[in-house]
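Trainee: One structure coming up, written as structure tokens, with questions to follow.
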Amino acid sequence: MMQRLQVSEHLALVHDPSRGEGKTAAMAKGLFLSCNDEVYAGESAGFGLPVWKTARLTFFPSLVTAGWLGRNVFEKVYRLDRVVCWELLGIRTPLIFSALLERLTRLYMRQPGHQQLLLKLRNTLLILLRMKSVMGQGSSQGECRVSYETGHRKLVVSVDGRSLQGGGDLILLNEVAGLPFSRLRIGQLIQDGNNIPAWRSCPFSAVLENPAAGIGFSLSPVCRTVPPNWRLAGGREVSRGLNWAGLALSAEQQCFSYEVNLLGEPYGESELQGHR
């Protein structure tokens, strides 16, 4: 059942398990951004979705429970037990093939200047080899509890991943549909459309924007100073089976909080300009 957390007259955050495109349709999502009842889901993970990145594979979540803790506080418990699987010529490949492709993906993420060319090559291979990625069942890595507390044009995400098993990096995805969110602003640097790489290191001043609607979002720590072990990355992919743009936060600790700042008035750029 869809749940709605209003953050301003026009902006809201939506819990809607029925939404999803591509491989993300078979995994849990965080909260989706909505503006004037238009939900920017796409193929995105939503705001505040945990993933557990191990040396071999990245584990995505399924939803265990979801419910209200208070008037403006919503909580979800996720189980990290989904992995990306691949079908080749219509045949499901073993997980070792997924692990190999994950290593190649990590190399791809480190080449922002060549990502658009590599993305075109990927699309060609998907067609020629009838390759398709799907979200499949993996071994459970434990559970992660996330609470979402709304304020005026902000969302405080509090994460407790202390029950996660083994060694890994806990990453919080904060994503929206990639087609409308087509601008990445970092100070005076502006990257539009396909000039936004799939993934790049970003400072916490980075803002992802929807230029047509005049809205955007950024991340910040709840405390004033950024902890030294926090890392932020931003990116966008719009291609065959891909439609997301987002900011990902990783921290060495497994229990922390951060804010998603929702910027701008719909169909105007006053607040976005003030954030530059």
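Ligands are numbered from 1 in the order shown, chains are lettered A, B, ... in the order of the structure tokens, and residues start at 1 in each chain.
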Neighbouring residues of Cys144 in chain A were defined as those with any atom within 9 Å, considering only C-alpha atoms; residues of the same chain fewer than 4 positions away were excluded. Please report them as a ChimeraX atom specification.
Mentor: /A:50,61,76-80,159-164
Trainee: Just asking: which residues within range 114-220 of chain A are helix (DSSP H, G or I) according to DSSP, as a list in words?
Mentor: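 DSSP-assigned helix (DSSP H, G or I) residues in range 114-220 of chain A: His114, Gln115, Gln116, Leu117, Leu118, Leu119, Lys120, Leu121, Arg122, Asn123, Thr124, Leu125, Leu126, Ile127, Leu128, Gly193, Asn194 and Asn195 of chain A.
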Trainee: Near Ile196 in chain A, counting only C-alpha atoms, which residues have an atom at most 9 Å away, once you skip same-chain residues fewer than 3 positions from it, shown as a PDB file with all heavy atoms, in the first residue's frame?
Mentor:
ATOM      1  N   PRO A 112      35.363   7.805 -15.807  1.00  0.00           N
ATOM      2  CA  PRO A 112      34.263   8.710 -16.162  1.00  0.00           C
ATOM      3  C   PRO A 112      34.384   9.305 -17.556  1.00  0.00           C
ATOM      4  O   PRO A 112      33.374   9.555 -18.216  1.00  0.00           O
ATOM      5  CB  PRO A 112      34.326   9.798 -15.075  1.00  0.00           C
ATOM      6  CG  PRO A 112      35.692   9.688 -14.487  1.00  0.00           C
ATOM      7  CD  PRO A 112      36.077   8.248 -14.600  1.00  0.00           C
ATOM      8  N   SER A 182      18.437  15.744 -15.070  1.00  0.00           N
ATOM      9  CA  SER A 182      19.465  15.715 -16.117  1.00  0.00           C
ATOM     10  C   SER A 182      20.585  16.721 -15.888  1.00  0.00           C
ATOM     11  O   SER A 182      21.332  17.025 -16.817  1.00  0.00           O
ATOM     12  CB  SER A 182      18.814  15.997 -17.477  1.00  0.00           C
ATOM     13  OG  SER A 182      18.154  17.252 -17.468  1.00  0.00           O
ATOM     14  N   ARG A 183      20.716  17.238 -14.670  1.00  0.00           N
ATOM     15  CA  ARG A 183      21.779  18.213 -14.406  1.00  0.00           C
ATOM     16  C   ARG A 183      22.453  17.911 -13.079  1.00  0.00           C
ATOM     17  O   ARG A 183      21.789  17.711 -12.066  1.00  0.00           O
ATOM     18  CB  ARG A 183      21.223  19.632 -14.390  1.00  0.00           C
ATOM     19  CG  ARG A 183      22.269  20.717 -14.060  1.00  0.00           C
ATOM     20  CD  ARG A 183      21.695  22.107 -14.228  1.00  0.00           C
ATOM     21  NE  ARG A 183      21.365  22.343 -15.622  1.00  0.00           N
ATOM     22  CZ  ARG A 183      20.568  23.337 -16.032  1.00  0.00           C
ATOM     23  NH1 ARG A 183      20.016  24.153 -15.158  1.00  0.00           N
ATOM     24  NH2 ARG A 183      20.323  23.479 -17.333  1.00  0.00           N
ATOM     25  N   LEU A 184      23.788  17.876 -13.101  1.00  0.00           N
ATOM     26  CA  LEU A 184      24.596  17.753 -11.896  1.00  0.00           C
ATOM     27  C   LEU A 184      25.372  19.051 -11.723  1.00  0.00           C
ATOM     28  O   LEU A 184      26.124  19.444 -12.615  1.00  0.00           O
ATOM     29  CB  LEU A 184      25.562  16.564 -11.997  1.00  0.00           C
ATOM     30  CG  LEU A 184      26.532  16.373 -10.824  1.00  0.00           C
ATOM     31  CD1 LEU A 184      25.780  16.083  -9.528  1.00  0.00           C
ATOM     32  CD2 LEU A 184      27.518  15.240 -11.134  1.00  0.00           C
ATOM     33  N   ILE A 190      28.839  22.684 -14.098  1.00  0.00           N
ATOM     34  CA  ILE A 190      27.523  22.175 -14.460  1.00  0.00           C
ATOM     35  C   ILE A 190      27.702  21.112 -15.538  1.00  0.00           C
ATOM     36  O   ILE A 190      28.330  21.353 -16.565  1.00  0.00           O
ATOM     37  CB  ILE A 190      26.594  23.293 -14.971  1.00  0.00           C
ATOM     38  CG1 ILE A 190      26.341  24.334 -13.881  1.00  0.00           C
ATOM     39  CG2 ILE A 190      25.279  22.709 -15.469  1.00  0.00           C
ATOM     40  CD1 ILE A 190      25.540  25.525 -14.356  1.00  0.00           C
ATOM     41  N   GLN A 191      27.152  19.927 -15.280  1.00  0.00           N
ATOM     42  CA  GLN A 191      27.162  18.855 -16.267  1.00  0.00           C
ATOM     43  C   GLN A 191      25.723  18.500 -16.593  1.00  0.00           C
ATOM     44  O   GLN A 191      24.908  18.277 -15.686  1.00  0.00           O
ATOM     45  CB  GLN A 191      27.909  17.632 -15.736  1.00  0.00           C
ATOM     46  CG  GLN A 191      29.401  17.877 -15.535  1.00  0.00           C
ATOM     47  CD  GLN A 191      30.122  16.655 -14.986  1.00  0.00           C
ATOM     48  OE1 GLN A 191      29.741  16.124 -13.958  1.00  0.00           O
ATOM     49  NE2 GLN A 191      31.170  16.227 -15.676  1.00  0.00           N
ATOM     50  N   ASP A 192      25.404  18.460 -17.891  1.00  0.00           N
ATOM     51  CA  ASP A 192      24.041  18.200 -18.332  1.00  0.00           C
ATOM     52  C   ASP A 192      23.959  16.908 -19.130  1.00  0.00           C
ATOM     53  O   ASP A 192      24.884  16.569 -19.890  1.00  0.00           O
ATOM     54  CB  ASP A 192      23.521  19.348 -19.198  1.00  0.00           C
ATOM     55  CG  ASP A 192      23.167  20.577 -18.392  1.00  0.00           C
ATOM     56  OD1 ASP A 192      22.404  20.437 -17.418  1.00  0.00           O
ATOM     57  OD2 ASP A 192      23.647  21.679 -18.722  1.00  0.00           O
ATOM     58  N   GLY A 193      22.843  16.205 -18.995  1.00  0.00           N
ATOM     59  CA  GLY A 193      22.540  15.046 -19.816  1.00  0.00           C
ATOM     60  C   GLY A 193      23.640  14.001 -19.822  1.00  0.00           C
ATOM     61  O   GLY A 193      24.130  13.581 -18.771  1.00  0.00           O
ATOM     62  N   TRP A 199      29.241   7.503 -12.695  1.00  0.00           N
ATOM     63  CA  TRP A 199      29.609   7.589 -11.280  1.00  0.00           C
ATOM     64  C   TRP A 199      30.893   8.390 -11.167  1.00  0.00           C
ATOM     65  O   TRP A 199      31.856   8.134 -11.878  1.00  0.00           O
ATOM     66  CB  TRP A 199      29.805   6.191 -10.697  1.00  0.00           C
ATOM     67  CG  TRP A 199      29.202   5.982  -9.340  1.00  0.00           C
ATOM     68  CD1 TRP A 199      29.835   5.471  -8.238  1.00  0.00           C
ATOM     69  CD2 TRP A 199      27.860   6.254  -8.930  1.00  0.00           C
ATOM     70  NE1 TRP A 199      28.947   5.414  -7.187  1.00  0.00           N
ATOM     71  CE2 TRP A 199      27.734   5.888  -7.574  1.00  0.00           C
ATOM     72  CE3 TRP A 199      26.745   6.799  -9.581  1.00  0.00           C
ATOM     73  CZ2 TRP A 199      26.550   6.035  -6.862  1.00  0.00           C
ATOM     74  CZ3 TRP A 199      25.557   6.937  -8.872  1.00  0.00           C
ATOM     75  CH2 TRP A 199      25.474   6.558  -7.533  1.00  0.00           C
ATOM     76  N   ARG A 200      30.904   9.364 -10.282  1.00  0.00           N
ATOM     77  CA  ARG A 200      32.092  10.160 -10.034  1.00  0.00           C
ATOM     78  C   ARG A 200      32.082  10.602  -8.585  1.00  0.00           C
ATOM     79  O   ARG A 200      31.033  10.772  -7.961  1.00  0.00           O
ATOM     80  CB  ARG A 200      32.140  11.388 -10.945  1.00  0.00           C
ATOM     81  CG  ARG A 200      30.935  12.313 -10.880  1.00  0.00           C
ATOM     82  CD  ARG A 200      31.265  13.700 -11.385  1.00  0.00           C
ATOM     83  NE  ARG A 200      32.199  14.379 -10.501  1.00  0.00           N
ATOM     84  CZ  ARG A 200      32.827  15.514 -10.813  1.00  0.00           C
ATOM     85  NH1 ARG A 200      32.635  16.075 -11.989  1.00  0.00           N
ATOM     86  NH2 ARG A 200      33.659  16.079  -9.961  1.00  0.00           N
ATOM     87  N   GLY A 234      28.274  10.673  -7.253  1.00  0.00           N
ATOM     88  CA  GLY A 234      27.071  11.040  -7.990  1.00  0.00           C
ATOM     89  C   GLY A 234      27.148  10.524  -9.410  1.00  0.00           C
ATOM     90  O   GLY A 234      28.234  10.281  -9.942  1.00  0.00           O
ATOM     91  N   GLY A 235      25.998  10.361 -10.047  1.00  0.00           N
ATOM     92  CA  GLY A 235      26.017   9.890 -11.417  1.00  0.00           C
ATOM     93  C   GLY A 235      24.628   9.765 -12.007  1.00  0.00           C
ATOM     94  O   GLY A 235      23.614  10.025 -11.350  1.00  0.00           O
ATOM     95  N   ARG A 236      24.608   9.358 -13.257  1.00  0.00           N
ATOM     96  CA  ARG A 236      23.345   9.226 -14.008  1.00  0.00           C
ATOM     97  C   ARG A 236      23.552   8.244 -15.151  1.00  0.00           C
ATOM     98  O   ARG A 236      24.586   8.284 -15.830  1.00  0.00           O
ATOM     99  CB  ARG A 236      22.932  10.590 -14.557  1.00  0.00           C
ATOM    100  CG  ARG A 236      21.696  10.609 -15.458  1.00  0.00           C
ATOM    101  CD  ARG A 236      21.410  12.044 -15.903  1.00  0.00           C
ATOM    102  NE  ARG A 236      20.206  12.157 -16.727  1.00  0.00           N
ATOM    103  CZ  ARG A 236      20.183  12.135 -18.048  1.00  0.00           C
ATOM    104  NH1 ARG A 236      21.340  11.975 -18.730  1.00  0.00           N
ATOM    105  NH2 ARG A 236      19.055  12.262 -18.715  1.00  0.00           N
ATOM    106  N   GLU A 237      22.590   7.357 -15.360  1.00  0.00           N
ATOM    107  CA  GLU A 237      22.604   6.451 -16.506  1.00  0.00           C
ATOM    108  C   GLU A 237      21.199   6.386 -17.101  1.00  0.00           C
ATOM    109  O   GLU A 237      20.242   6.012 -16.426  1.00  0.00           O
ATOM    110  CB  GLU A 237      23.047   5.043 -16.096  1.00  0.00           C
ATOM    111  CG  GLU A 237      24.541   4.931 -15.821  1.00  0.00           C
ATOM    112  CD  GLU A 237      24.965   3.508 -15.530  1.00  0.00           C
ATOM    113  OE1 GLU A 237      24.337   2.870 -14.659  1.00  0.00           O
ATOM    114  OE2 GLU A 237      25.917   3.028 -16.174  1.00  0.00           O
TER     115      GLU A 237
END
Trainee: Rank A:Asp16, A:Glu75, A:Asp81, A:Glu21 by their smallest atom-to-atom distance to Glu43 in chain A, using only C-alpha atoms, and report the top residue only.
Mentor: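 Smallest separation from Glu43 in chain A among the options: A:Glu21.
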Trainee: Taking the DSSP assignment computed from this structure's backbone, write out as a ChimeraX atom specification all residues of range 54-269 of chain A that belong to strand (DSSP E).
Mentor: /A:58-70,73-88,91-92,132-137,143-151,154-160,169-176,183-186,189-192,200-202,207-210,215-221,231-239,242-251,255-263
Trainee: Considering only C-alpha atoms, state which residue in the set A:Gly42, A:Gly136, A:Gly167, A:Gly264 is at the smallest distance from Leu208 in chain A.
Mentor: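 Distance minimum relative to Leu208 in chain A lands on A:Gly264.
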Trainee: Compile the contact shell of Asn72 in chain A as a VMD selection string: residues with an atom at most 10 Å away, counting only C-alpha atoms, same-chain residues fewer than 2 positions apart removed.
Mentor: chain A and resid 4 to 7 68 to 70 74 148 to 151 155
Trainee: Could you list, as JSON, numbers by chain, every residue within 6 Å of range 132-134 of chain A, counting only C-alpha atoms and ignoring same-chain residues fewer than 2 positions away?
Mentor: {"A": [23, 84, 85, 86, 87]}
Trainee: Rank A:Ser140, A:Gln3, A:Thr93, A:Ser34 by their smallest atom-to-atom distance to Ala213 in chain A, using only C-alpha atoms, and report the top residue only.
Mentor: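 Under the stated criterion, the closest residue is A:Ser34.
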Trainee: CA of Ala66 in chain A and CA of Leu172 in chain A, how far apart in Å?
Mentor: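 Going from CA of Leu172 in chain A over to CA of Ala66 in chain A covers 17.5 Å.
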Trainee: What lies within 6 Å of range 24-33 of chain A using only C-alpha atoms, ignoring chain neighbours under 2 positions off, as a CSV table (one decimal) with all heavy atoms, in the first residue's frame?
Mentor:
chain,number,residue,atom,x,y,z
A,13,LEU,N,7.4,12.6,-0.3
A,13,LEU,CA,8.2,11.4,-0.4
A,13,LEU,C,7.2,10.2,-0.3
A,13,LEU,O,6.3,10.2,0.6
A,13,LEU,CB,9.3,11.3,0.7
A,13,LEU,CG,10.3,12.4,0.5
A,13,LEU,CD1,11.1,12.6,1.8
A,13,LEU,CD2,11.2,12.2,-0.6
A,14,VAL,N,7.3,9.2,-1.2
A,14,VAL,CA,6.3,8.2,-1.3
A,14,VAL,C,7.0,6.8,-1.1
A,14,VAL,O,8.0,6.5,-1.7
A,14,VAL,CB,5.7,8.3,-2.7
A,14,VAL,CG1,4.8,7.1,-3.0
A,14,VAL,CG2,5.0,9.6,-2.9
A,15,HIS,N,6.3,6.0,-0.3
A,15,HIS,CA,6.6,4.6,-0.2
A,15,HIS,C,5.6,3.8,-1.1
A,15,HIS,O,4.4,3.9,-0.8
A,15,HIS,CB,6.5,4.1,1.3
A,15,HIS,CG,6.4,2.6,1.4
A,15,HIS,ND1,7.5,1.8,1.2
A,15,HIS,CD2,5.4,1.8,1.8
A,15,HIS,CE1,7.1,0.6,1.4
A,15,HIS,NE2,5.9,0.5,1.8
A,20,GLY,N,8.6,0.2,-10.1
A,20,GLY,CA,10.0,-0.3,-10.5
A,20,GLY,C,10.1,-0.6,-12.0
A,20,GLY,O,9.1,-1.0,-12.6
A,21,GLU,N,11.3,-0.4,-12.5
A,21,GLU,CA,11.6,-0.7,-13.9
A,21,GLU,C,12.8,-1.6,-14.0
A,21,GLU,O,13.7,-1.5,-13.1
A,21,GLU,CB,11.8,0.6,-14.7
A,21,GLU,CG,10.7,1.6,-14.8
A,21,GLU,CD,11.0,2.8,-15.6
A,21,GLU,OE1,12.2,2.9,-16.1
A,21,GLU,OE2,10.2,3.8,-15.6
A,22,GLY,N,12.9,-2.4,-15.0
A,22,GLY,CA,14.1,-3.1,-15.2
A,22,GLY,C,14.4,-4.0,-14.1
A,22,GLY,O,13.5,-4.6,-13.4
A,39,VAL,N,5.5,11.2,-9.6
A,39,VAL,CA,6.5,10.4,-8.8
A,39,VAL,C,7.7,10.1,-9.7
A,39,VAL,O,7.5,9.5,-10.8
A,39,VAL,CB,5.9,9.1,-8.3
A,39,VAL,CG1,6.9,8.3,-7.5
A,39,VAL,CG2,4.7,9.4,-7.4
A,40,TYR,N,8.9,10.6,-9.3
A,40,TYR,CA,10.1,10.4,-10.1
A,40,TYR,C,10.8,9.1,-9.7
A,40,TYR,O,11.9,9.1,-9.1
A,40,TYR,CB,11.0,11.6,-9.8
A,40,TYR,CG,10.4,12.9,-10.3
A,40,TYR,CD1,10.0,13.9,-9.4
A,40,TYR,CD2,10.3,13.2,-11.7
A,40,TYR,CE1,9.5,15.1,-9.9
A,40,TYR,CE2,9.8,14.4,-12.1
A,40,TYR,CZ,9.4,15.3,-11.2
A,40,TYR,OH,8.8,16.5,-11.7
A,41,ALA,N,10.2,8.0,-10.1
A,41,ALA,CA,10.7,6.7,-9.7
A,41,ALA,C,11.7,6.2,-10.8
A,41,ALA,O,12.8,5.9,-10.5
A,41,ALA,CB,9.6,5.7,-9.5
A,45,ALA,N,16.5,3.6,-7.2
A,45,ALA,CA,16.4,3.0,-5.9
A,45,ALA,C,15.6,3.8,-4.9
A,45,ALA,O,15.3,3.3,-3.8
A,45,ALA,CB,17.8,2.6,-5.4
A,46,GLY,N,15.3,5.0,-5.2
A,46,GLY,CA,14.6,5.9,-4.3
A,46,GLY,C,15.7,6.5,-3.3
A,46,GLY,O,16.9,6.3,-3.5
A,47,PHE,N,15.2,7.2,-2.3
A,47,PHE,CA,16.0,7.8,-1.2
A,47,PHE,C,16.2,6.8,-0.1
A,47,PHE,O,15.3,6.2,0.4
A,47,PHE,CB,15.4,9.1,-0.7
A,47,PHE,CG,15.4,10.2,-1.7
A,47,PHE,CD1,14.5,11.2,-1.6
A,47,PHE,CD2,16.4,10.3,-2.6
A,47,PHE,CE1,14.5,12.3,-2.5
A,47,PHE,CE2,16.4,11.4,-3.5
A,47,PHE,CZ,15.5,12.4,-3.4
A,48,GLY,N,17.5,6.7,0.4
A,48,GLY,CA,17.8,6.0,1.6
A,48,GLY,C,17.7,4.5,1.5
A,48,GLY,O,17.2,3.8,2.4
A,49,LEU,N,18.2,3.9,0.4
A,49,LEU,CA,18.1,2.5,0.2
A,49,LEU,C,19.5,1.9,0.5
A,49,LEU,O,20.5,2.3,-0.2
A,49,LEU,CB,17.7,2.1,-1.2
A,49,LEU,CG,17.5,0.6,-1.4
A,49,LEU,CD1,16.1,0.2,-0.8
A,49,LEU,CD2,17.6,0.2,-2.8
A,61,PRO,N,18.5,-5.1,-1.4
A,61,PRO,CA,17.6,-5.5,-0.3
A,61,PRO,C,16.2,-6.0,-0.8
A,61,PRO,O,15.8,-5.6,-1.9
A,61,PRO,CB,17.4,-4.2,0.4
A,61,PRO,CG,17.5,-3.1,-0.6
A,61,PRO,CD,18.5,-3.6,-1.6
A,62,SER,N,15.6,-6.8,0.0
A,62,SER,CA,14.2,-7.1,-0.1
A,62,SER,C,13.6,-6.5,1.1
A,62,SER,O,14.3,-6.2,2.1
A,62,SER,CB,14.0,-8.6,-0.1
A,62,SER,OG,14.5,-9.2,1.0
A,63,LEU,N,12.3,-6.2,1.1
A,63,LEU,CA,11.6,-5.5,2.2
A,63,LEU,C,11.1,-6.5,3.2
A,63,LEU,O,10.3,-7.5,2.8
A,63,LEU,CB,10.5,-4.7,1.6
A,63,LEU,CG,9.7,-3.8,2.6
A,63,LEU,CD1,10.7,-2.8,3.3
A,63,LEU,CD2,8.6,-3.1,2.0
A,135,MET,N,17.2,-9.3,-11.1
A,135,MET,CA,17.5,-9.4,-9.7
A,135,MET,C,17.1,-10.8,-9.1
A,135,MET,O,16.0,-11.2,-9.2
A,135,MET,CB,16.8,-8.3,-8.9
A,135,MET,CG,17.4,-8.0,-7.5
A,135,MET,SD,19.1,-7.3,-7.5
A,135,MET,CE,18.8,-5.7,-8.3
Trainee: Which distance in Å separates CA of His152 in chain A and CA of Ser257 in chain A, to one decimal?
Mentor: 17.2 Å
Trainee: Using only C-alpha atoms, which protein or nucleic acid residues come within 8 Å of His10 in chain A? Drop anything in the same chain fewer than 4 positions from it, and give the result as a PyMOL selection string.
Mentor: chain A and resi 35-36+266
